[in-house]
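Comments concern the structure below.
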Amino acid sequence: MSIPDELRYTAEHEWVAISGSVASVGITDYAQQALGDVVYVSVPAPGTRVTAGEACGEVESTKSVSDIFSPVDGEVSEVNADLDDDPALVNSDPYGAGWLMKIQLDDPDNEAGLLTADEYADLTKDAE
Amino acid sequence: MSSSDPAPPRATPLRAVHEGLGATMTPFAGWLMPLRYAGEISEHQAVRNAAGLFDLSHMGEIAVTGPQAAAALDYALVGRLSALAPGRARYTMICAPDGGVLDDLIVYRLADEEYLVVANAANTATVAGALRERAAGHDAQVRDRTDEYALIAIQGPRAAAILAPLADIDLDGVKYYSGYRGTVAGQPVLLARTGYTGEDGFELFTPPEGAEALWRALAAAGAGDGLVPAGLAARDTLRLEAGMPLYGNELTAEVTPFDAGLGRVVVFDKPDDFVGRAALAERAQAAPRRMLAGLIAGSRRVPRHGYSVTWDGVSCGTVTSGAPSPTLAVPIAMAYLDPETARAARDDSGGRLAVDVRGKPEPARITDLPFYRRPR
């Protein structure tokens, strides 16, 4: 199970990479393993405002559908168009080519509520 | 409220195999079963293109034996099991007196006075109980022998080629829906040409002690042919593509075999009475109350069990099963629809038929079942 050190995480099994005032968001290796083969991803269109902790999209796999929760407050600036044709990228490369969306942060300095890699590892260890 | 914990799910005789393969396990009908190994889409495609190996040890095996075993089954089930020659098998159902389906079954006639009834895991106890009750008054014994069998299935176009060198039975002589005792890789088996995938394939019933050795022998024999382990997730998408019903979804105590389009399993031309005969005879004459239809989704969101089907925005039925179809590359579903709408919608391609997917109507069209037929 991969949990890269340099990323931040949420209890809803998303990862966040903050670069300047933009947060890239995806789901974790733990999440993609639990979901199984991803067949469809729905994220908000660029320009949509999102609020930390609120459901803003869906990841659909063979057997189930899971909500995507925004990890931060901001505005969606970009979505991963590659997932339209190849949603399986979420499984094969959840931290790279399987990224879901980028969010322009309201408050770039605020990482409150986001977990470190160690904290996320503890969470997933307990869940197993 | 009682605070007792439910019993943990039972492991199958192949538990060590699944652990070694890193399978994702899931509780199912009281058993701990492999849900997926490498991934359900790749497993599904392997079964369609090469072969897959399944642990189905959760299924129930109920022996019905004795001089009147055939008559007992003719009474207990809707089919005419007395007409089966030894070595043959039949897909059939056990119904309640009101015609509601209690389970769908495969029944193997192993000898004149020996039948094996294979039931769904979730219904094994119910079916064994009903068979015992219904066999009373017949010179026949009913015994739940589930614990005495592991069940391994090998399914796919390469299944016969992989299995043949290991079997002491000539597979060319084994017709579809037949089963014979024999030996595979040194293990005693009931070898049956049956399955739940829509491909050619075999189901091997064997004592638990030898199950792991049998699995490993098959896996080794098939390694060069693309044989892979396949879990319950792939099993579900395979049977859905093949248009096969799942008890609990398409078949329940609230529907009759006729509702599911499976009236052919009810054989009225049996000399004696059988449980459900009167109710089913009525149903056979009456106008259908509902029709089981195949749906092909017009978008990539998946119609799922329980979702409402609408016609011009008005509810006309309910989805019973739905999943992305790896073979058709589009989501597919089965749904019970009211018959008039099903007839009208069959000719429609204009988006009047839709499935309510979590609040949003997604277009769908009706198609004949099965969605997939294997090339012959």
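Scheme for the structure tokens: letters A, B, ... for chains in order shown; per-chain residue numbers from 1; ligand numbers from 1 in order shown.
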Quick one: which residues from chain B are at most 10 Å off chain A, using only C-alpha atoms, as a compact mmCIF listing (two decimals) with N, CA and C atoms, in the first residue's frame?
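File produced: result-v3.txt:
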```txt
# COMPACT_ATOMS: atom_id res chain seq x y z
N THR B 24 -8.71 -10.16 -2.61
CA THR B 24 -9.57 -9.34 -1.76
C THR B 24 -10.75 -10.21 -1.39
N LEU B 35 -13.41 -12.00 -3.64
CA LEU B 35 -14.17 -11.05 -4.46
C LEU B 35 -13.42 -10.79 -5.77
N ARG B 36 -12.13 -10.57 -5.67
CA ARG B 36 -11.30 -10.33 -6.85
C ARG B 36 -9.86 -10.66 -6.53
N TYR B 37 -9.05 -10.91 -7.57
CA TYR B 37 -7.63 -11.17 -7.43
C TYR B 37 -6.87 -10.02 -8.10
N ALA B 38 -6.58 -10.19 -9.40
CA ALA B 38 -5.84 -9.13 -10.10
C ALA B 38 -6.74 -7.94 -10.46
N GLY B 39 -8.04 -8.18 -10.53
CA GLY B 39 -8.95 -7.10 -10.95
C GLY B 39 -10.12 -7.73 -11.68
N GLU B 40 -11.36 -7.27 -11.37
CA GLU B 40 -12.52 -8.00 -11.89
C GLU B 40 -12.70 -7.87 -13.39
N ILE B 41 -12.26 -6.74 -13.97
CA ILE B 41 -12.43 -6.60 -15.43
C ILE B 41 -11.46 -7.54 -16.15
N SER B 42 -10.21 -7.61 -15.68
CA SER B 42 -9.24 -8.51 -16.34
C SER B 42 -9.64 -9.96 -16.12
N ALA B 233 -16.81 -10.99 -8.07
CA ALA B 233 -17.17 -9.79 -8.84
C ALA B 233 -17.23 -10.13 -10.32
N ALA B 234 -16.22 -10.84 -10.82
CA ALA B 234 -16.22 -11.25 -12.23
C ALA B 234 -17.37 -12.23 -12.48
N ASP B 236 -20.23 -12.23 -11.24
CA ASP B 236 -21.48 -11.49 -11.38
C ASP B 236 -21.60 -10.80 -12.74
N THR B 237 -20.53 -10.18 -13.21
CA THR B 237 -20.62 -9.50 -14.51
C THR B 237 -20.71 -10.53 -15.64
N SER B 299 -25.43 6.08 -21.07
CA SER B 299 -24.32 6.86 -20.54
C SER B 299 -23.44 5.91 -19.76
N ARG B 300 -22.37 6.41 -19.16
CA ARG B 300 -21.49 5.50 -18.44
C ARG B 300 -21.85 5.31 -16.97
N ARG B 301 -22.92 6.00 -16.52
CA ARG B 301 -23.33 5.78 -15.13
C ARG B 301 -24.12 4.47 -15.08
N VAL B 302 -23.90 3.70 -14.04
CA VAL B 302 -24.40 2.33 -14.03
C VAL B 302 -25.77 2.22 -13.37
N ARG B 304 -28.28 0.46 -11.19
CA ARG B 304 -28.00 -0.54 -10.17
C ARG B 304 -29.28 -1.07 -9.54
N GLY B 322 -27.35 -4.58 -12.23
CA GLY B 322 -26.71 -3.71 -13.20
C GLY B 322 -25.23 -3.65 -12.93
N ALA B 323 -24.45 -3.53 -13.98
CA ALA B 323 -23.00 -3.44 -13.83
C ALA B 323 -22.40 -2.96 -15.14
N PRO B 324 -21.18 -2.45 -15.10
CA PRO B 324 -20.50 -2.18 -16.37
C PRO B 324 -20.22 -3.50 -17.06
N SER B 325 -20.46 -3.58 -18.36
CA SER B 325 -20.19 -4.82 -19.10
C SER B 325 -18.82 -4.71 -19.74
N PRO B 326 -17.86 -5.51 -19.30
CA PRO B 326 -16.54 -5.44 -19.92
C PRO B 326 -16.58 -5.82 -21.41
N ALA B 329 -18.57 -2.97 -23.25
CA ALA B 329 -17.97 -1.67 -22.95
C ALA B 329 -19.01 -0.58 -22.67
N VAL B 330 -20.12 -0.99 -22.03
CA VAL B 330 -21.18 -0.06 -21.68
C VAL B 330 -21.92 -0.68 -20.50
N PRO B 331 -22.54 0.13 -19.62
CA PRO B 331 -23.28 -0.52 -18.52
C PRO B 331 -24.53 -1.24 -19.04
```
Contacts of region 109-125 of chain A at 8 Å or less, counting only C-alpha atoms, minus same-chain residues fewer than 6 places along, as a PyMOL selection string? chain A and resi 3-11+30+71
Name all residues at most 12 Å from Gly96 (chain A) (count only C-alpha atoms; drop same-chain ones fewer than 4 positions away) and give them as an MDAnalysis selection string. chainID A and resid 4 7 15:17 24:29 80 82 89:92 100:101
Separation of CA of Ala11 (chain B) from CA of Asn120 (chain B), in Å and rounded to one decimal: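 So the answer is 16.6 Å.
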Polymer residues at most 8 Å from region 98-112 of chain B, only C-alpha atoms, same-chain spacing of 4 or more positions, as a VMD selection string: chain B and resid 81 84 to 94 116 to 120 123 127 178 to 180 247 251 to 257 276 to 277 279 to 280
From chain A, collect each residue whose DSSP state is alpha helix (DSSP H) and return the set as a PyMOL selection string. chain A and resi 29-35+82-85+89-92+117-127
Please compute the CA of Val76 (chain A)-CA of Pro94 (chain A) distance, one decimal, in Å.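 Computing the Euclidean distance for CA of Val76 (chain A) and CA of Pro94 (chain A) yields 19.0 Å.
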Just want the 7 Å neighbourhood of region 352-359 of chain B, counted on only C-alpha atoms, with same-chain residues fewer than 6 positions away dropped. Output as a PDB file with C-alpha atoms, in the first residue's frame.
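Output file around_12.pdb follows:
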```pdb
ATOM      1  CA  PRO B 303     -28.064   1.415 -13.424  1.00  0.00           C
ATOM      2  CA  TYR B 307     -33.043   2.046  -9.237  1.00  0.00           C
ATOM      3  CA  SER B 308     -36.307   3.157 -10.796  1.00  0.00           C
ATOM      4  CA  VAL B 309     -36.904   2.810 -14.545  1.00  0.00           C
ATOM      5  CA  THR B 310     -39.008   5.584 -16.079  1.00  0.00           C
ATOM      6  CA  TRP B 311     -40.924   6.089 -19.302  1.00  0.00           C
ATOM      7  CA  ASP B 312     -41.561   9.735 -20.154  1.00  0.00           C
ATOM      8  CA  ALA B 345     -40.258   0.913 -25.149  1.00  0.00           C
ATOM      9  CA  ARG B 365     -32.798   1.147 -24.301  1.00  0.00           C
TER      10      ARG B 365
END
```
Residues of region 82-120 of chain A classed as strand (DSSP E or B) by DSSP on the backbone are to be reported as a list in words.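 Answer for region 82-120 of chain A, restricted to strand (DSSP E or B): Met101, Lys102, Ile103, Gln104, Leu105 and Leu115 of chain A.
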Near region 259-267 of chain B, counting only C-alpha atoms, which residues have an atom at most 6 Å away, once you skip same-chain residues fewer than 3 positions from it, shown as a JSON list (two decimals) with N, CA and C atoms, in the first residue's frame?
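File written: result.json
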```json
[["chain", "number", "residue", "atom", "x", "y", "z"],
["B", 78, "VAL", "N", -40.36, -27.78, -9.54],
["B", 78, "VAL", "CA", -41.29, -27.52, -10.64],
["B", 78, "VAL", "C", -40.95, -28.30, -11.89],
["B", 79, "GLY", "N", -39.73, -28.86, -11.95],
["B", 79, "GLY", "CA", -39.32, -29.60, -13.14],
["B", 79, "GLY", "C", -39.65, -31.08, -13.03],
["B", 92, "THR", "N", -33.44, -25.92, -12.66],
["B", 92, "THR", "CA", -34.83, -25.95, -12.25],
["B", 92, "THR", "C", -35.04, -25.00, -11.07],
["B", 256, "THR", "N", -42.68, -15.28, -9.83],
["B", 256, "THR", "CA", -42.81, -16.65, -10.31],
["B", 256, "THR", "C", -41.79, -16.87, -11.44],
["B", 290, "ARG", "N", -45.52, -8.59, -15.05],
["B", 290, "ARG", "CA", -44.26, -7.85, -15.20],
["B", 290, "ARG", "C", -43.41, -8.63, -16.19],
["B", 291, "MET", "N", -42.44, -7.94, -16.77],
["B", 291, "MET", "CA", -41.54, -8.61, -17.71],
["B", 291, "MET", "C", -40.12, -8.28, -17.37],
["B", 292, "LEU", "N", -39.25, -9.29, -17.44],
["B", 292, "LEU", "CA", -37.83, -9.05, -17.19],
["B", 292, "LEU", "C", -37.19, -8.62, -18.50]]
```
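CA of Ala76 (chain B) to CA of Phe258 (chain B) spans 18.0 Å [interatomic distance, one decimal].
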Measuring between only C-alpha atoms, which one of A:Ala45, A:Ala52, A:Asp106, A:Gly57 shows the shortest distance to Ser77 (chain A)?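 Using only C-alpha atoms, Ser77 (chain A) sits closest to A:Ala45.
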